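The data block below is my_file.txt; it holds compact mmCIF, C-alpha atoms and all ligand atoms.
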# COMPACT_ATOMS: atom_id res chain seq x y z
CA MET A 1 153.10 -58.96 99.27
CA GLN A 2 156.32 -60.66 100.22
CA VAL A 3 159.40 -58.45 100.82
CA LEU A 4 162.75 -60.01 99.90
CA LEU A 5 166.18 -58.59 100.66
CA ALA A 6 169.08 -59.22 98.26
CA GLU A 7 171.62 -61.76 99.49
CA HIS A 8 174.37 -59.12 99.37
CA ALA A 9 173.35 -55.53 100.08
CA GLY A 10 174.64 -52.52 101.98
CA PHE A 11 178.03 -51.58 103.45
CA CYS A 12 181.05 -53.21 101.88
CA PHE A 13 184.25 -53.99 103.73
CA GLY A 14 186.04 -50.79 102.61
CA VAL A 15 183.25 -48.42 103.61
CA GLN A 16 182.70 -50.15 106.95
CA ARG A 17 186.43 -49.98 107.63
CA ALA A 18 186.55 -46.23 106.85
CA LEU A 19 183.55 -45.54 109.07
CA ASP A 20 185.08 -47.63 111.89
CA GLN A 21 188.28 -45.60 111.63
CA VAL A 22 186.38 -42.30 111.93
CA GLU A 23 184.28 -43.58 114.83
CA LYS A 24 187.41 -44.77 116.62
CA GLU A 25 188.89 -41.26 116.31
CA VAL A 26 185.65 -39.74 117.64
CA SER A 27 185.51 -42.19 120.55
CA GLN A 28 189.08 -41.24 121.48
CA GLY A 29 188.00 -37.61 121.64
CA ASN A 30 190.10 -36.57 118.63
CA ARG A 31 189.07 -33.60 116.51
CA VAL A 32 188.71 -35.17 113.12
CA ALA A 33 187.68 -34.14 109.61
CA THR A 34 187.26 -36.15 106.41
CA PHE A 35 188.69 -35.07 103.06
CA GLY A 36 185.39 -34.69 101.22
CA PRO A 37 182.26 -36.54 102.41
CA LEU A 38 183.34 -39.86 103.95
CA ILE A 39 180.91 -41.87 101.85
CA HIS A 40 178.30 -41.17 99.20
CA ASN A 41 175.43 -41.32 101.63
CA PRO A 42 173.99 -38.00 102.90
CA GLN A 43 172.30 -39.58 105.96
CA VAL A 44 175.56 -41.11 107.24
CA VAL A 45 177.47 -37.88 106.57
CA GLU A 46 174.81 -35.95 108.49
CA ARG A 47 175.12 -38.33 111.46
CA LEU A 48 178.89 -37.88 111.49
CA ALA A 49 178.49 -34.09 111.39
CA GLN A 50 176.26 -34.34 114.47
CA GLN A 51 179.12 -36.19 116.20
CA GLY A 52 181.41 -33.28 115.37
CA VAL A 53 183.18 -34.81 112.36
CA GLY A 54 184.16 -31.99 110.01
CA GLU A 55 184.65 -32.01 106.28
CA VAL A 56 187.61 -30.48 104.46
CA GLU A 57 187.36 -29.56 100.78
CA ASP A 58 190.32 -27.21 100.50
CA LEU A 59 193.52 -28.11 102.36
CA GLU A 60 194.88 -24.57 102.03
CA ALA A 61 191.82 -23.01 103.64
CA ALA A 62 191.33 -25.55 106.48
CA SER A 63 193.12 -25.41 109.80
CA PRO A 64 195.32 -28.50 110.30
CA GLY A 65 194.14 -31.40 112.45
CA ARG A 66 193.44 -35.10 112.02
CA LEU A 67 192.42 -35.77 108.40
CA VAL A 68 190.75 -38.96 107.21
CA ILE A 69 191.32 -40.00 103.60
CA ARG A 70 188.11 -41.77 102.56
CA SER A 71 187.80 -45.24 101.02
CA HIS A 72 187.90 -43.82 97.43
CA GLY A 73 191.50 -42.77 98.01
CA VAL A 74 193.38 -39.75 96.66
CA GLY A 75 196.43 -39.02 94.56
CA PRO A 76 199.97 -38.64 95.98
CA GLU A 77 199.82 -34.84 95.69
CA VAL A 78 197.04 -34.71 98.29
CA PHE A 79 199.15 -36.66 100.82
CA GLU A 80 202.04 -34.36 100.07
CA GLN A 81 200.01 -31.16 100.43
CA ALA A 82 198.30 -32.39 103.62
CA LYS A 83 201.66 -33.27 105.15
CA GLN A 84 203.12 -29.89 104.25
CA ARG A 85 200.14 -28.11 105.78
CA GLY A 86 200.67 -30.07 109.01
CA PHE A 87 197.65 -32.43 108.86
CA ASP A 88 197.86 -35.71 110.73
CA ILE A 89 196.65 -38.24 108.14
CA VAL A 90 194.45 -41.28 108.84
CA ASP A 91 194.48 -43.22 105.58
CA ALA A 92 191.16 -45.06 105.19
CA THR A 93 191.70 -45.80 101.47
CA CYS A 94 190.09 -49.17 100.80
CA PRO A 95 192.89 -51.76 100.35
CA PHE A 96 191.30 -52.81 97.03
CA VAL A 97 191.42 -49.23 95.73
CA HIS A 98 194.97 -48.99 96.99
CA LYS A 99 195.81 -52.05 94.88
CA VAL A 100 194.45 -50.36 91.73
CA GLN A 101 196.44 -47.19 92.47
CA LYS A 102 199.59 -49.28 92.89
CA LEU A 103 198.98 -51.10 89.59
CA ALA A 104 198.35 -47.79 87.81
CA LYS A 105 201.65 -46.42 89.08
CA GLU A 106 203.62 -49.61 88.27
CA PHE A 107 202.28 -49.81 84.69
CA THR A 108 203.09 -46.12 84.15
CA ASP A 109 206.60 -46.58 85.55
CA GLN A 110 207.06 -49.48 83.08
CA GLY A 111 206.19 -47.13 80.20
CA CYS A 112 202.71 -48.55 79.59
CA GLN A 113 199.79 -46.34 78.57
CA VAL A 114 197.27 -46.88 81.38
CA ILE A 115 193.57 -46.85 80.52
CA VAL A 116 191.10 -46.65 83.39
CA ALA A 117 187.62 -47.93 82.62
CA GLY A 118 185.24 -45.86 84.71
CA ASP A 119 183.68 -42.50 85.43
CA ARG A 120 186.19 -39.64 85.05
CA HIS A 121 184.18 -37.48 87.47
CA HIS A 122 184.36 -40.06 90.28
CA PRO A 123 186.93 -39.30 93.01
CA GLU A 124 188.24 -42.88 92.99
CA VAL A 125 189.07 -42.61 89.27
CA GLN A 126 190.58 -39.17 89.73
CA GLY A 127 192.79 -40.57 92.51
CA ILE A 128 193.91 -43.50 90.32
CA VAL A 129 194.75 -41.16 87.43
CA ALA A 130 196.76 -38.99 89.81
CA TRP A 131 198.98 -42.02 90.64
CA THR A 132 199.92 -42.13 86.91
CA GLY A 133 200.97 -38.48 87.08
CA GLY A 134 197.82 -37.57 85.16
CA LYS A 135 198.93 -39.67 82.16
CA ALA A 136 196.16 -42.30 82.22
CA PHE A 137 193.24 -42.16 79.80
CA VAL A 138 189.76 -42.64 81.25
CA VAL A 139 187.04 -44.29 79.18
CA ALA A 140 183.45 -44.73 80.27
CA ASP A 141 182.35 -47.10 77.50
CA GLU A 142 183.39 -48.90 74.31
CA ARG A 143 182.62 -45.82 72.17
CA GLU A 144 185.20 -43.79 74.09
CA ALA A 145 187.64 -46.71 73.94
CA GLU A 146 187.26 -46.85 70.13
CA ALA A 147 188.18 -43.16 69.90
CA LEU A 148 191.54 -43.60 71.67
CA ASP A 149 194.78 -43.22 69.82
CA LEU A 150 197.02 -45.97 71.24
CA ARG A 151 200.67 -46.65 70.49
CA GLY A 152 202.97 -49.14 72.19
CA LYS A 153 202.14 -51.11 75.32
CA ALA A 154 198.83 -50.44 77.05
CA ALA A 155 197.25 -51.63 80.28
CA LEU A 156 193.55 -51.63 81.09
CA ILE A 157 192.38 -51.40 84.71
CA ALA A 158 188.93 -50.61 86.10
CA GLN A 159 187.16 -48.48 88.67
CA THR A 160 186.33 -50.92 91.47
CA THR A 161 182.57 -50.40 91.08
CA LEU A 162 182.37 -50.76 87.30
CA LYS A 163 179.88 -53.19 85.74
CA GLU A 164 181.65 -56.35 84.59
CA ALA A 165 179.91 -56.17 81.17
CA THR A 166 181.21 -52.62 80.59
CA LEU A 167 184.79 -53.71 81.25
CA ARG A 168 184.41 -56.60 78.78
CA GLN A 169 183.01 -54.25 76.08
CA ILE A 170 185.86 -51.77 76.62
CA GLU A 171 188.39 -54.60 76.52
CA SER A 172 186.98 -55.87 73.18
CA ALA A 173 187.15 -52.36 71.69
CA LEU A 174 190.75 -51.92 72.85
CA ARG A 175 191.92 -55.35 71.64
CA VAL A 176 191.24 -54.19 68.09
CA LYS A 177 193.33 -51.03 68.57
CA ALA A 178 196.23 -52.01 70.80
CA ASP A 179 199.02 -54.38 69.68
CA ASP A 180 200.04 -55.16 73.23
CA LEU A 181 197.29 -54.86 75.81
CA GLU A 182 197.45 -56.13 79.36
CA VAL A 183 194.11 -56.33 81.20
CA ARG A 184 193.62 -56.46 84.95
CA ASN A 185 190.10 -56.89 86.21
CA THR A 186 190.21 -54.68 89.29
CA ILE A 187 186.45 -54.68 89.86
CA CYS A 188 185.88 -55.35 93.53
CA ALA A 189 184.30 -58.65 94.59
CA ALA A 190 181.88 -56.75 96.84
CA THR A 191 180.59 -54.88 93.78
CA ASN A 192 180.18 -58.09 91.80
CA LYS A 193 178.39 -59.82 94.66
CA ARG A 194 175.92 -56.94 95.04
CA GLN A 195 175.34 -56.72 91.29
CA GLU A 196 174.82 -60.48 90.89
CA ALA A 197 172.51 -60.63 93.91
CA ALA A 198 170.49 -57.68 92.53
CA ARG A 199 170.20 -59.42 89.13
CA ARG A 200 168.98 -62.66 90.77
CA LEU A 201 166.51 -60.77 92.94
CA ALA A 202 165.19 -58.79 89.94
CA ASP A 203 164.29 -62.10 88.26
CA GLU A 204 162.30 -63.15 91.29
CA VAL A 205 160.23 -60.07 92.15
CA ASP A 206 157.55 -57.81 90.57
CA VAL A 207 159.05 -54.56 91.81
CA ILE A 208 162.40 -53.61 93.32
CA VAL A 209 163.57 -50.79 95.58
CA VAL A 210 167.24 -49.81 95.42
CA VAL A 211 168.40 -47.97 98.55
CA GLY A 212 171.34 -45.59 98.62
CA GLY A 213 172.68 -42.09 98.05
CA ARG A 214 171.77 -40.47 94.76
CA ASN A 215 175.44 -39.53 94.52
CA SER A 216 176.53 -43.17 94.98
CA SER A 217 177.78 -44.60 91.70
CA ASN A 218 177.53 -48.24 92.80
CA THR A 219 173.91 -47.71 93.94
CA ALA A 220 173.06 -46.14 90.58
CA LYS A 221 174.58 -49.18 88.84
CA LEU A 222 172.44 -51.56 90.91
CA ALA A 223 169.36 -49.58 89.79
CA GLN A 224 170.49 -49.81 86.14
CA ILE A 225 170.95 -53.58 86.45
CA CYS A 226 167.46 -54.05 87.91
CA GLN A 227 165.92 -51.79 85.26
CA SER A 228 167.68 -53.71 82.48
CA ALA A 229 166.19 -56.90 83.90
CA GLY A 230 162.80 -55.37 83.07
CA VAL A 231 161.46 -55.03 86.61
CA PRO A 232 159.94 -51.70 87.82
CA THR A 233 162.80 -50.15 89.81
CA TYR A 234 162.74 -47.27 92.30
CA HIS A 235 165.87 -45.65 93.75
CA VAL A 236 165.33 -44.13 97.20
CA GLU A 237 167.65 -42.66 99.81
CA THR A 238 165.33 -43.23 102.76
CA ALA A 239 162.09 -44.98 103.68
CA ASP A 240 160.24 -41.62 103.53
CA GLU A 241 160.42 -41.67 99.74
CA LEU A 242 158.48 -44.94 99.35
CA GLU A 243 155.09 -44.62 97.64
CA LEU A 244 152.17 -46.96 98.18
CA ASP A 245 151.29 -46.94 94.45
CA TRP A 246 154.51 -48.72 93.54
CA PHE A 247 153.36 -51.87 95.30
CA LEU A 248 149.71 -52.04 94.26
CA GLY A 249 148.86 -55.50 92.93
CA LYS A 250 152.43 -56.78 93.43
CA GLN A 251 153.06 -60.20 94.95
CA LYS A 252 156.79 -59.94 95.63
CA ALA A 253 158.91 -56.85 96.23
CA GLY A 254 162.71 -56.82 96.43
CA VAL A 255 165.13 -54.56 98.27
CA THR A 256 168.78 -54.07 97.46
CA ALA A 257 171.27 -51.42 98.56
CA GLY A 258 174.58 -49.94 97.49
CA ALA A 259 177.89 -50.49 99.25
CA SER A 260 177.61 -47.12 101.00
CA THR A 261 174.13 -47.72 102.46
CA PRO A 262 174.07 -48.43 106.20
CA ARG A 263 172.08 -51.27 107.75
CA TRP A 264 169.73 -48.94 109.67
CA ILE A 265 168.44 -47.30 106.48
CA ILE A 266 167.90 -50.70 104.77
CA GLU A 267 166.02 -51.94 107.83
CA GLU A 268 163.79 -48.86 107.85
CA VAL A 269 162.95 -49.40 104.16
CA VAL A 270 162.19 -53.11 104.65
CA GLN A 271 160.08 -52.29 107.72
CA ARG A 272 158.13 -49.56 105.91
CA MET A 273 157.50 -51.87 102.93
CA THR A 274 156.22 -54.54 105.28
CA ASP A 275 153.90 -51.90 106.81
CA VAL A 276 152.80 -50.81 103.31
CA ASN A 277 152.02 -54.44 102.75
CA GLN A 278 149.63 -54.53 105.70
CA GLU A 279 148.05 -51.19 104.69
CA GLN A 280 147.53 -52.58 101.21
CA ALA A 281 145.88 -55.74 102.53
CA THR A 282 143.53 -53.63 104.66
CA THR A 283 142.64 -51.38 101.69
CA GLU A 284 141.98 -54.40 99.50
CA LEU A 285 139.81 -55.99 102.20
CA LEU A 286 137.78 -52.77 102.61
CA GLU A 287 137.31 -52.53 98.84
CA GLN A 288 136.11 -56.15 98.70
CA ASN A 289 133.65 -55.47 101.52
CA GLN A 290 132.28 -52.45 99.66
CA GLU A 291 131.77 -54.53 96.54
CA VAL A 292 129.72 -57.16 98.41
FE1 LIG A 301 186.52 -51.25 98.70
FE2 LIG A 301 185.11 -52.71 97.15
FE3 LIG A 301 183.97 -51.27 98.94
S1 LIG A 301 186.82 -51.49 96.56
S2 LIG A 301 185.26 -49.52 99.16
S3 LIG A 301 185.32 -53.01 99.33
S4 LIG A 301 183.20 -51.64 96.89
Once you've parsed the file, please lay out its structure as structure tokens.
Amino acid sequence: MQVLLAEHAGFCFGVQRALDQVEKEVSQGNRVATFGPLIHNPQVVERLAQQGVGEVEDLEAASPGRLVIRSHGVGPEVFEQAKQRGFDIVDATCPFVHKVQKLAKEFTDQGCQVIVAGDRHHPEVQGIVAWTGGKAFVVADEREAEALDLRGKAALIAQTTLKEATLRQIESALRVKADDLEVRNTICAATNKRQEAARRLADEVDVIVVVGGRNSSNTAKLAQICQSAGVPTYHVETADELELDWFLGKQKAGVTAGASTPRWIIEEVVQRMTDVNQEQATTELLEQNQEV
């Protein structure tokens, strides 16, 4: 069995940048905490905890220190509250997310009804909505878009990790309803690259393993894309979850990973699959010998 890695997989620019900022603080001996888990990857968060990086959920309850805003970003009220409580802020909001927040605010200031295409439970979306003063509507799909009551000017923007096809479906549904709709495709290029590479890989292989946190929305989307391509797809967080059965009789296996999956976890998975490969060959050889 051949093991192929997607052309684009693993850490994106924004996540790497946020992690670099935290590691720089640690290396300078600063006591640092992140506002919520730095990224949606439990293994990375665990490693940071071992280096003494704390996690703050409630600004009122935490004692002030250096506070890292993660790549998903937050609303203006969090900056305000953190400042008032005496936190020293390190803003690791991804510049692409920052751009969406800025657009959301500008459209709202111009009197436009902002619609965010994305997952309303995701912190990035919640942060974007906060920059509109809570006025933006969030829609996850075309069905929710169809149910909106729109009057006047409207502007559609997207969560950076949304699937391109979902944005297009939401746009089509809104075009019917809104007289004056401005659309900005704010899906991040890193997301597109990973999704396209996963789609290409899914066409090439007999089975695919998607690596990343179960709480990572972009990893879950990669798994959906591979599944929709009709290839058996398995989502794992670490190499320990791989099962030999998945690869029985397969000629080519693919590996892809979300934007919050570090290199070391991807390498472990690829390595383990290569080992599985050898185990499989040995089992097959033994079975053949028994038959003779
Ligand atoms: Fe930023 Fe795109 Fe990553 S928005 S956090 S570079 S997926």
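Comparing A:Val44, A:Val270, A:Cys12, A:Ala147 by their smallest distance to ligand LIG 301 (chain A), the closest is A:Cys12 (using all atoms listed in the file).
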Could you build a table of the residues in chain A lying no more than 8 Å from ligand LIG 301 (chain A), giving for each the nearest pair of atoms and their separation in Å rounded to one decimal place, using all atoms listed in the file, ordered by chain and ascending residue number, as a Markdown table?
| residue | atom | partner | partner_atom | distance |
| --- | --- | --- | --- | --- |
| A:Phe11 | CA | A:LIG301 | FE3 | 7.5 |
| A:Cys12 | CA | A:LIG301 | FE3 | 4.6 |
| A:Phe13 | CA | A:LIG301 | S3 | 4.6 |
| A:Gly14 | CA | A:LIG301 | S2 | 3.8 |
| A:Val15 | CA | A:LIG301 | S2 | 5.0 |
| A:Ser71 | CA | A:LIG301 | S2 | 5.3 |
| A:His72 | CA | A:LIG301 | S2 | 6.5 |
| A:Thr93 | CA | A:LIG301 | S2 | 7.8 |
| A:Cys94 | CA | A:LIG301 | FE1 | 4.6 |
| A:Pro95 | CA | A:LIG301 | FE1 | 6.6 |
| A:Phe96 | CA | A:LIG301 | S1 | 4.7 |
| A:Val97 | CA | A:LIG301 | S1 | 5.2 |
| A:Thr160 | CA | A:LIG301 | S1 | 5.1 |
| A:Thr161 | CA | A:LIG301 | S4 | 6.0 |
| A:Ile187 | CA | A:LIG301 | S1 | 7.4 |
| A:Cys188 | CA | A:LIG301 | FE2 | 4.5 |
| A:Ala189 | CA | A:LIG301 | FE2 | 6.5 |
| A:Ala190 | CA | A:LIG301 | FE2 | 5.2 |
| A:Thr191 | CA | A:LIG301 | S4 | 5.2 |
| A:Asn218 | CA | A:LIG301 | S4 | 7.8 |
| A:Ala259 | CA | A:LIG301 | S4 | 5.9 |
| A:Ser260 | CA | A:LIG301 | FE3 | 7.9 |
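Comparing the minimum interatomic distances between Asn41 (chain A) and each of A:Leu59, A:Leu19, A:Leu201, A:Val78, counting all atoms listed in the file, we find that A:Leu19 sits nearest.
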Residue contacts of region 202-204 of chain A (10 Å, all atoms listed in the file) excluding same-chain residues fewer than 5 positions away, as an MDAnalysis selection string: chainID A and resid 4 6 196:197 209 225:233 252:256
C-alpha atoms of the current selection, written as a PDB file, in the frame of the given file:
ATOM      1  CA  LEU A   4     162.750 -60.010  99.900  1.00  0.00           C
ATOM      2  CA  ALA A   6     169.080 -59.220  98.260  1.00  0.00           C
ATOM      3  CA  GLU A 196     174.820 -60.480  90.890  1.00  0.00           C
ATOM      4  CA  ALA A 197     172.510 -60.630  93.910  1.00  0.00           C
ATOM      5  CA  VAL A 209     163.570 -50.790  95.580  1.00  0.00           C
ATOM      6  CA  ILE A 225     170.950 -53.580  86.450  1.00  0.00           C
ATOM      7  CA  CYS A 226     167.460 -54.050  87.910  1.00  0.00           C
ATOM      8  CA  GLN A 227     165.920 -51.790  85.260  1.00  0.00           C
ATOM      9  CA  SER A 228     167.680 -53.710  82.480  1.00  0.00           C
ATOM     10  CA  ALA A 229     166.190 -56.900  83.900  1.00  0.00           C
ATOM     11  CA  GLY A 230     162.800 -55.370  83.070  1.00  0.00           C
ATOM     12  CA  VAL A 231     161.460 -55.030  86.610  1.00  0.00           C
ATOM     13  CA  PRO A 232     159.940 -51.700  87.820  1.00  0.00           C
ATOM     14  CA  THR A 233     162.800 -50.150  89.810  1.00  0.00           C
ATOM     15  CA  LYS A 252     156.790 -59.940  95.630  1.00  0.00           C
ATOM     16  CA  ALA A 253     158.910 -56.850  96.230  1.00  0.00           C
ATOM     17  CA  GLY A 254     162.710 -56.820  96.430  1.00  0.00           C
ATOM     18  CA  VAL A 255     165.130 -54.560  98.270  1.00  0.00           C
ATOM     19  CA  THR A 256     168.780 -54.070  97.460  1.00  0.00           C
TER      20      THR A 256
END
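Between CA of Thr34 (chain A) and CA of Gln51 (chain A) there is a distance of 12.7 Å.
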